file run.cif (mmCIF, C-alpha atoms and all ligand atoms)
data_final
loop_
_atom_site.label_atom_id
_atom_site.label_comp_id
_atom_site.auth_asym_id
_atom_site.auth_seq_id
_atom_site.Cartn_x
_atom_site.Cartn_y
_atom_site.Cartn_z
CA MET S 1 78.80 -11.25 95.69
CA GLN S 2 82.34 -10.63 94.45
CA LEU S 3 82.61 -10.85 90.67
CA VAL S 4 85.92 -11.65 89.01
CA ARG S 5 87.07 -12.05 85.42
CA TYR S 6 89.76 -14.63 84.86
CA MET S 7 91.79 -16.55 82.32
CA LEU S 8 91.96 -20.33 82.47
CA ASP S 9 93.34 -22.54 79.69
CA GLY S 10 93.35 -19.59 77.29
CA LYS S 11 89.66 -18.81 77.92
CA GLN S 12 88.26 -15.66 79.57
CA SER S 13 85.31 -16.07 81.94
CA PHE S 14 83.41 -14.30 84.67
CA GLY S 15 83.02 -15.96 88.05
CA ALA S 16 81.94 -15.45 91.62
CA LEU S 17 84.80 -15.45 94.13
CA GLU S 18 84.13 -17.50 97.28
CA GLY S 19 87.15 -17.79 99.55
CA ASP S 20 89.94 -19.47 97.59
CA ALA S 21 87.64 -20.71 94.82
CA ILE S 22 85.85 -19.27 91.82
CA ARG S 23 82.42 -20.49 90.75
CA PRO S 24 82.15 -19.89 86.97
CA ILE S 25 79.26 -17.77 85.75
CA LYS S 26 77.06 -18.79 82.84
CA GLY S 27 75.35 -15.93 81.02
CA ASP S 28 75.82 -12.17 81.15
CA VAL S 29 76.83 -10.53 84.45
CA PHE S 30 74.94 -7.39 83.35
CA GLU S 31 71.72 -9.30 82.63
CA ASP S 32 70.68 -12.79 83.69
CA PHE S 33 73.26 -15.30 84.77
CA GLU S 34 73.71 -18.50 86.71
CA ILE S 35 76.49 -19.34 89.11
CA SER S 36 77.61 -22.92 88.55
CA ASP S 37 78.46 -25.35 91.35
CA ILE S 38 81.91 -26.03 89.92
CA ARG S 39 84.76 -24.68 92.07
CA VAL S 40 87.91 -23.55 90.29
CA PRO S 41 90.88 -22.95 92.65
CA LEU S 42 91.83 -19.27 92.64
CA SER S 43 95.50 -20.31 92.45
CA SER S 44 94.92 -22.01 89.08
CA VAL S 45 93.71 -18.91 87.20
CA ARG S 46 95.08 -15.52 86.19
CA LEU S 47 92.76 -12.74 87.37
CA LEU S 48 91.97 -10.10 84.74
CA ALA S 49 90.54 -6.59 85.07
CA PRO S 50 87.03 -7.40 86.39
CA THR S 51 85.30 -5.26 83.75
CA VAL S 52 85.87 -4.27 80.11
CA PRO S 53 84.75 -0.64 79.93
CA SER S 54 84.18 1.50 76.84
CA LYS S 55 85.48 4.40 78.92
CA ILE S 56 86.80 5.32 82.36
CA VAL S 57 85.47 8.56 83.82
CA ALA S 58 87.50 9.99 86.67
CA VAL S 59 86.97 12.89 89.06
CA GLY S 60 89.39 15.57 90.24
CA LEU S 61 89.55 16.77 93.87
CA ASN S 62 86.73 14.85 95.60
CA TYR S 63 87.91 14.16 99.18
CA ARG S 64 87.14 16.74 101.88
CA ASP S 65 90.38 15.95 103.78
CA HIS S 66 92.44 16.31 100.59
CA ALA S 67 90.82 19.64 99.66
CA ILE S 68 91.43 21.04 103.15
CA GLU S 69 95.03 19.79 103.11
CA MET S 70 95.61 21.45 99.73
CA GLY S 71 94.01 24.70 100.97
CA GLU S 72 91.48 24.46 98.14
CA GLU S 73 87.83 25.43 98.31
CA LEU S 74 85.37 22.57 98.03
CA PRO S 75 84.21 22.24 94.40
CA GLU S 76 80.59 23.14 93.58
CA TYR S 77 80.31 20.35 91.01
CA PRO S 78 82.46 17.34 90.02
CA LYS S 79 85.38 18.13 87.69
CA ILE S 80 85.54 15.10 85.43
CA PHE S 81 88.06 13.78 82.93
CA LEU S 82 88.49 10.61 80.88
CA LYS S 83 91.06 7.85 80.87
CA PRO S 84 91.12 5.59 77.78
CA SER S 85 90.06 1.95 78.03
CA THR S 86 93.47 1.02 76.60
CA ALA S 87 95.11 2.15 79.88
CA LEU S 88 93.35 -0.64 81.77
CA ILE S 89 95.33 -3.40 83.48
CA GLY S 90 94.32 -6.09 85.95
CA PRO S 91 95.57 -7.28 89.34
CA HIS S 92 99.30 -8.14 89.39
CA ASP S 93 99.90 -6.61 85.94
CA SER S 94 102.80 -4.13 85.75
CA ILE S 95 102.50 -0.35 85.63
CA VAL S 96 105.03 0.76 82.99
CA LEU S 97 106.72 4.11 83.66
CA PRO S 98 106.84 6.12 80.41
CA GLN S 99 110.13 7.59 79.23
CA SER S 100 108.57 11.04 78.81
CA SER S 101 107.77 11.47 82.54
CA ARG S 102 110.04 11.91 85.55
CA ARG S 103 107.27 11.83 88.13
CA VAL S 104 104.54 9.17 88.11
CA ASP S 105 102.16 9.08 91.11
CA TYR S 106 99.75 6.53 92.59
CA GLU S 107 96.18 7.61 93.45
CA ALA S 108 94.08 5.08 95.39
CA GLU S 109 90.40 5.37 94.45
CA LEU S 110 87.04 3.68 94.89
CA ALA S 111 85.51 2.97 91.47
CA LEU S 112 81.99 2.02 90.49
CA VAL S 113 81.12 -0.25 87.56
CA VAL S 114 78.04 0.67 85.49
CA LYS S 115 75.36 -2.03 85.30
CA ARG S 116 73.21 -0.82 82.42
CA LEU S 117 72.92 1.94 79.84
CA ALA S 118 72.62 5.21 81.75
CA LYS S 119 71.54 8.53 80.25
CA ASP S 120 70.12 11.48 82.21
CA VAL S 121 69.70 9.36 85.33
CA ASP S 122 68.16 10.97 88.41
CA GLU S 123 70.35 10.67 91.51
CA ARG S 124 67.55 8.87 93.35
CA GLN S 125 67.55 6.12 90.70
CA ALA S 126 71.34 5.97 90.28
CA LYS S 127 71.76 2.92 92.53
CA ASP S 128 69.90 0.76 89.98
CA TYR S 129 72.58 1.58 87.39
CA ILE S 130 75.55 0.46 89.50
CA LEU S 131 76.74 -3.15 89.24
CA GLY S 132 79.19 -2.79 92.13
CA TYR S 133 82.43 -1.36 93.43
CA THR S 134 86.12 -2.06 92.94
CA CYS S 135 89.61 -0.70 93.69
CA PHE S 136 91.24 1.63 91.18
CA ASN S 137 94.64 3.29 90.84
CA ASP S 138 94.47 6.57 88.90
CA VAL S 139 98.15 6.49 87.92
CA THR S 140 99.22 9.98 86.86
CA ALA S 141 102.32 11.53 85.25
CA ARG S 142 102.30 14.49 87.65
CA ASP S 143 104.97 16.51 85.83
CA LEU S 144 103.11 16.26 82.52
CA GLN S 145 99.81 17.12 84.22
CA GLN S 146 101.39 20.34 85.48
CA VAL S 147 103.09 21.43 82.24
CA ASP S 148 100.21 20.49 79.93
CA GLY S 149 97.28 22.10 81.75
CA GLN S 150 95.11 19.57 79.90
CA TRP S 151 95.21 16.24 81.72
CA THR S 152 94.82 13.79 78.84
CA ARG S 153 98.48 12.93 78.31
CA ALA S 154 99.27 12.66 82.03
CA LYS S 155 96.36 10.30 82.72
CA SER S 156 96.30 8.15 79.60
CA PHE S 157 99.52 6.17 79.21
CA ASP S 158 99.08 2.43 78.69
CA THR S 159 98.93 0.65 82.09
CA PHE S 160 97.84 3.84 83.96
CA ALA S 161 94.47 2.36 84.97
CA PRO S 162 94.92 -0.68 87.27
CA ILE S 163 91.56 -2.05 88.44
CA GLY S 164 90.29 -4.96 90.53
CA PRO S 165 90.59 -7.56 91.84
CA VAL S 166 86.80 -7.94 92.27
CA VAL S 167 83.58 -6.05 91.65
CA ASP S 168 81.67 -6.27 94.92
CA THR S 169 77.95 -6.11 94.16
CA SER S 170 76.67 -5.86 97.72
CA VAL S 171 79.02 -3.48 99.55
CA ASP S 172 77.66 -0.17 100.86
CA PRO S 173 80.15 2.44 99.56
CA ARG S 174 79.31 5.22 102.02
CA SER S 175 81.84 4.47 104.78
CA LEU S 176 84.77 2.30 103.69
CA GLU S 177 88.39 2.60 104.80
CA ILE S 178 90.58 3.29 101.75
CA SER S 179 94.36 3.18 101.78
CA CYS S 180 97.41 2.92 99.57
CA LYS S 181 100.67 1.17 100.40
CA VAL S 182 103.94 1.29 98.47
CA ASN S 183 106.34 -1.55 99.31
CA GLY S 184 104.20 -2.23 102.39
CA GLU S 185 104.47 1.34 103.69
CA LEU S 186 101.20 3.22 104.30
CA LYS S 187 100.97 6.29 102.04
CA GLN S 188 97.26 7.15 101.87
CA ASN S 189 94.63 6.45 104.50
CA SER S 190 91.11 7.83 104.49
CA ASN S 191 87.46 6.85 104.40
CA THR S 192 84.90 7.14 101.62
CA SER S 193 82.73 9.07 104.08
CA ASN S 194 85.07 12.00 103.20
CA LEU S 195 83.92 11.99 99.56
CA ILE S 196 82.47 15.34 98.50
CA PHE S 197 80.37 13.79 95.70
CA GLY S 198 79.28 10.21 96.36
CA PRO S 199 79.04 7.46 93.72
CA GLU S 200 75.32 7.92 93.04
CA GLN S 201 75.72 11.69 92.63
CA LEU S 202 78.64 11.08 90.26
CA LEU S 203 76.78 8.54 88.13
CA SER S 204 73.86 10.95 87.78
CA PHE S 205 76.15 13.90 86.97
CA VAL S 206 78.18 11.99 84.37
CA SER S 207 75.05 10.48 82.78
CA HIS S 208 73.81 14.00 82.04
CA VAL S 209 77.01 14.56 80.02
CA MET S 210 77.59 11.24 78.25
CA THR S 211 75.80 7.92 77.89
CA LEU S 212 77.30 5.32 80.19
CA LEU S 213 77.42 1.74 78.94
CA PRO S 214 77.44 -1.54 80.89
CA GLY S 215 80.94 -2.13 82.24
CA ASP S 216 81.98 1.54 82.16
CA VAL S 217 83.95 2.75 85.16
CA ILE S 218 83.67 5.90 87.26
CA ALA S 219 86.66 6.46 89.56
CA THR S 220 85.62 8.66 92.46
CA GLY S 221 88.84 10.57 93.24
CA THR S 222 91.75 10.12 95.64
CA PRO S 223 92.32 11.17 99.27
CA SER S 224 95.40 13.01 100.57
CA GLY S 225 98.90 11.55 100.49
CA VAL S 226 99.59 11.04 96.79
CA GLY S 227 103.24 10.45 95.94
CA PRO S 228 105.68 8.95 93.46
CA LEU S 229 106.21 5.43 92.15
CA HIS S 230 109.60 4.05 91.13
CA SER S 231 110.69 1.06 89.10
CA GLY S 232 110.69 -2.03 91.31
CA ASP S 233 107.93 -0.74 93.61
CA THR S 234 104.85 -2.74 94.56
CA VAL S 235 101.74 -0.60 95.00
CA GLU S 236 98.55 -1.71 96.75
CA VAL S 237 95.12 -0.06 96.78
CA ILE S 238 93.19 -1.46 99.73
CA ILE S 239 89.47 -0.89 100.29
CA GLU S 240 87.63 -2.37 103.24
CA GLN S 241 85.22 -5.20 102.28
CA ILE S 242 86.31 -5.07 98.62
CA GLY S 243 89.92 -6.24 98.56
CA VAL S 244 93.49 -5.40 97.63
CA LEU S 245 94.62 -4.34 94.16
CA THR S 246 98.34 -5.12 93.81
CA ASN S 247 100.56 -4.01 90.92
CA SER S 248 104.29 -3.85 90.34
CA VAL S 249 106.07 -0.93 88.69
CA VAL S 250 108.61 -1.31 85.87
MG MG H 301 92.47 10.70 90.59
#

call {"tool": "encode", "arguments": {"input": "run.cif", "output": "structure tokens", "more": "lines below"}}
Ligand code: MG
result
Amino acid sequence: MQLVRYMLDGKQSFGALEGDAIRPIKGDVFEDFEISDIRVPLSSVRLLAPTVPSKIVAVGLNYRDHAIEMGEELPEYPKIFLKPSTALIGPHDSIVLPQSSRRVDYEAELALVVKRLAKDVDERQAKDYILGYTCFNDVTARDLQQVDGQWTRAKSFDTFAPIGPVVDTSVDPRSLEISCKVNGELKQNSNTSNLIFGPEQLLSFVSHVMTLLPGDVIATGTPSGVGPLHSGDTVEVIIEQIGVLTNSVV
């Protein structure tokens, strides 16, 4: 199933995407819910970020091809950082370039959405704590990341966390093509089979640091080929079987 969150007539709802239609969901997508038989045309709604997280946990260098390209040794454990929930935007929302940065980069990433409260979860049980998978763009002010040492400022500007368009609850994340296009031109192209730490490993690792809540997001890192965004660009994060996350840059 592909879960969406959408706005229709001033009201926010969850729904199941089926082709060009959304079937509204009654109940809680993290607990029990029913999918109604009503079909709302996709063209009549505004899609929102498909989850409302309390926090977004992201991972540094986590693609084998990227590490090799950078001449870096493979990490022994995931290097994690946080992005604030206030950075979140949905499909077709605009990424706003901040005045204080001269170099803002795209980073196409696979993200998981947490299904239920997770604390000290064993890797073998981690699957039960994952609602599904979505596309994520870990937008980064690269110049500020380099001068600060600490990553918080570079990763946390409003609009620096585009996510969506759907949370796919049935996709197997182990071997999915992932790419990034800017103005239609291919910039990143890899496969999640190159991940050093997979989603279940990451959920377990993070849950031993902080309690994860339903709706929280873990972004799993970006492959090689990161590069700059400019005002007027259109950036797409494309993941096989999940969809295309499109945002403009202003
Ligand atoms: Mg990243």

call {"tool": "residues_around", "arguments": {"input": "run.cif", "residues": "S:Ala58", "least_positions_apart": "6", "cutoff": "7 Å", "atoms": "only C-alpha atoms", "output": "list in words"}}
result
Ile80, Phe81, Leu82, Ile218, Ala219, Thr220 and Gly221 of chain S

call {"tool": "residues_around", "arguments": {"input": "run.cif", "residues": "stretch 129-132 of chain S", "least_positions_apart": "5", "cutoff": "12 Å", "atoms": "all atoms listed in the file", "output": "number ranges by chain"}}
result
S: 1-4, 29-31, 50-51, 110-124, 164, 166-173, 199-204, 207, 211-218, 242

call {"tool": "closest_atom_pairs", "arguments": {"input": "run.cif", "of": "chain S", "to": "ligand MG 301 (chain H)", "cutoff": "6 Å", "atoms": "only C-alpha atoms and all ligand atoms", "output": "tab-separated table"}}
result
residue	atom	partner	partner_atom	distance
S:Gly60	CA	H:MG301	MG	5.8
S:Glu107	CA	H:MG301	MG	5.6
S:Asp138	CA	H:MG301	MG	4.9
S:Gly221	CA	H:MG301	MG	4.5
S:Thr222	CA	H:MG301	MG	5.1

call {"tool": "atom_distance", "arguments": {"input": "run.cif", "atom1": "atom CA of S:Gln125", "atom2": "atom CA of S:Ser54"}}
result
22.1 Å

call {"tool": "closest_residue", "arguments": {"input": "run.cif", "among": "S:Ser193, S:Ser100, S:Ser13, S:Thr134", "to": "S:Pro162", "atoms": "all atoms listed in the file"}}
result
S:Thr134

call {"tool": "atom_distance", "arguments": {"input": "run.cif", "atom1": "atom CA of S:Phe157", "atom2": "atom CA of S:Ser101"}}
result
10.4 Å

call {"tool": "closest_residue", "arguments": {"input": "run.cif", "among": "S:Glu73, S:Asp105, S:Glu18, S:Asp93", "to": "S:Ser248", "atoms": "only C-alpha atoms"}}
result
S:Asp93

call {"tool": "closest_residue", "arguments": {"input": "run.cif", "among": "S:Ala126, S:Ile68, S:Leu48, S:Ala141", "to": "S:Pro165", "atoms": "all atoms listed in the file"}}
result
S:Leu48

call {"tool": "decode", "arguments": {"input": "run.cif", "residues": "stretch 17-160 of chain S", "atoms": "C-alpha atoms", "output": "compact mmCIF listing (two decimals), in the first residue's frame"}}
result
# COMPACT_ATOMS: atom_id res chain seq x y z
CA LEU S 17 -3.00 6.02 -3.28
CA GLU S 18 -4.35 3.78 -6.06
CA GLY S 19 -3.41 4.97 -9.53
CA ASP S 20 -4.84 8.46 -10.01
CA ALA S 21 -7.17 8.22 -7.02
CA ILE S 22 -6.92 8.39 -3.25
CA ARG S 23 -9.09 6.26 -0.99
CA PRO S 24 -9.48 8.17 2.32
CA ILE S 25 -8.41 6.38 5.49
CA LYS S 26 -10.55 6.30 8.61
CA GLY S 27 -8.65 5.78 11.86
CA ASP S 28 -4.97 5.91 12.71
CA VAL S 29 -2.41 4.77 10.12
CA PHE S 30 -0.12 3.69 12.98
CA GLU S 31 -2.82 1.56 14.63
CA ASP S 32 -6.10 0.28 13.23
CA PHE S 33 -7.64 1.90 10.22
CA GLU S 34 -10.11 1.32 7.43
CA ILE S 35 -9.72 2.28 3.80
CA SER S 36 -12.99 3.70 2.50
CA ASP S 37 -14.43 2.92 -0.93
CA ILE S 38 -14.65 6.60 -1.84
CA ARG S 39 -12.22 7.64 -4.61
CA VAL S 40 -10.88 11.18 -4.51
CA PRO S 41 -9.09 12.23 -7.74
CA LEU S 42 -5.39 12.83 -7.05
CA SER S 43 -5.60 15.99 -9.17
CA SER S 44 -8.14 17.53 -6.76
CA VAL S 45 -5.91 17.45 -3.65
CA ARG S 46 -2.64 18.98 -2.49
CA LEU S 47 -0.26 16.26 -1.31
CA LEU S 48 1.45 16.98 2.03
CA ALA S 49 4.52 15.44 3.64
CA PRO S 50 3.29 11.85 4.20
CA THR S 51 4.30 11.83 7.88
CA VAL S 52 4.51 14.32 10.76
CA PRO S 53 7.65 13.32 12.66
CA SER S 54 8.82 14.51 16.07
CA LYS S 55 12.34 14.24 14.67
CA ILE S 56 14.31 13.31 11.57
CA VAL S 57 17.42 11.22 12.16
CA ALA S 58 19.91 11.18 9.31
CA VAL S 59 23.09 9.23 8.63
CA GLY S 60 26.44 10.41 7.29
CA LEU S 61 28.47 8.40 4.74
CA ASN S 62 26.43 5.20 4.25
CA TYR S 63 26.89 4.16 0.59
CA ARG S 64 29.79 1.86 -0.30
CA ASP S 65 30.22 3.47 -3.76
CA HIS S 66 30.26 6.96 -2.22
CA ALA S 67 32.83 5.99 0.43
CA ILE S 68 35.11 4.42 -2.19
CA GLU S 69 34.73 7.46 -4.46
CA MET S 70 35.63 9.78 -1.57
CA GLY S 71 38.64 7.59 -0.66
CA GLU S 72 37.18 7.15 2.82
CA GLU S 73 37.33 4.01 4.93
CA LEU S 74 34.00 2.30 5.53
CA PRO S 75 32.58 3.44 8.90
CA GLU S 76 32.43 0.90 11.74
CA TYR S 77 29.12 2.28 13.01
CA PRO S 78 26.52 4.77 11.69
CA LYS S 79 27.38 8.44 12.23
CA ILE S 80 24.01 10.03 12.96
CA PHE S 81 22.74 13.59 13.17
CA LEU S 82 19.35 15.27 13.54
CA LYS S 83 17.31 17.52 11.30
CA PRO S 84 14.46 19.45 12.97
CA SER S 85 10.84 18.63 12.18
CA THR S 86 10.39 22.29 11.20
CA ALA S 87 12.59 21.70 8.12
CA LEU S 88 10.01 19.32 6.66
CA ILE S 89 8.24 20.11 3.39
CA GLY S 90 6.05 18.00 1.12
CA PRO S 91 6.01 17.16 -2.59
CA HIS S 92 6.03 20.23 -4.88
CA ASP S 93 6.81 22.61 -1.99
CA SER S 94 9.76 24.97 -2.57
CA ILE S 95 13.24 24.60 -1.11
CA VAL S 96 14.23 28.12 -0.02
CA LEU S 97 17.93 28.95 -0.36
CA PRO S 98 19.10 30.80 2.78
CA GLN S 99 20.94 34.10 2.44
CA SER S 100 23.76 32.88 4.69
CA SER S 101 24.86 30.07 2.33
CA ARG S 102 26.50 30.19 -1.10
CA ARG S 103 26.41 26.45 -1.69
CA VAL S 104 23.28 24.36 -1.08
CA ASP S 105 23.37 20.71 -2.21
CA TYR S 106 20.77 18.02 -2.93
CA GLU S 107 21.19 14.54 -1.37
CA ALA S 108 18.79 11.84 -2.60
CA GLU S 109 18.02 9.35 0.18
CA LEU S 110 15.77 6.44 1.06
CA ALA S 111 13.95 7.17 4.34
CA LEU S 112 12.03 4.90 6.66
CA VAL S 113 9.01 5.97 8.70
CA VAL S 114 8.70 4.59 12.24
CA LYS S 115 5.50 2.64 12.94
CA ARG S 116 5.49 2.46 16.73
CA LEU S 117 7.42 3.55 19.79
CA ALA S 118 10.90 2.05 19.50
CA LYS S 119 13.45 1.84 22.32
CA ASP S 120 16.38 -0.59 22.47
CA VAL S 121 15.02 -2.61 19.56
CA ASP S 122 16.92 -5.70 18.47
CA GLU S 123 17.86 -5.67 14.78
CA ARG S 124 15.96 -8.92 14.23
CA GLN S 125 12.74 -7.27 15.44
CA ALA S 126 13.34 -3.91 13.72
CA LYS S 127 11.08 -4.69 10.74
CA ASP S 128 8.02 -4.65 13.04
CA TYR S 129 8.79 -1.02 13.92
CA ILE S 130 8.89 0.27 10.34
CA LEU S 131 5.68 1.57 8.75
CA GLY S 132 7.24 1.91 5.31
CA TYR S 133 9.63 3.76 3.03
CA THR S 134 9.68 7.10 1.24
CA CYS S 135 11.92 9.45 -0.75
CA PHE S 136 13.89 12.10 1.11
CA ASN S 137 16.15 14.99 0.11
CA ASP S 138 18.75 15.80 2.78
CA VAL S 139 19.27 19.37 1.58
CA THR S 140 22.56 20.68 2.96
CA ALA S 141 24.34 24.06 3.09
CA ARG S 142 27.70 22.52 2.16
CA ASP S 143 29.78 25.64 2.83
CA LEU S 144 28.35 26.02 6.34
CA GLN S 145 28.83 22.30 7.02
CA GLN S 146 32.52 22.71 6.23
CA VAL S 147 33.17 25.90 8.22
CA ASP S 148 31.09 24.90 11.26
CA GLY S 149 32.39 21.38 11.90
CA GLN S 150 29.08 20.79 13.68
CA TRP S 151 26.37 20.01 11.13
CA THR S 152 23.29 21.45 12.82
CA ARG S 153 23.17 24.80 11.02
CA ALA S 154 23.97 23.33 7.60
CA LYS S 155 21.25 20.68 7.84
CA SER S 156 18.46 22.53 9.63
CA PHE S 157 17.22 25.49 7.60
CA ASP S 158 13.46 25.61 7.04
CA THR S 159 12.54 23.64 3.88
CA PHE S 160 15.76 21.52 4.01
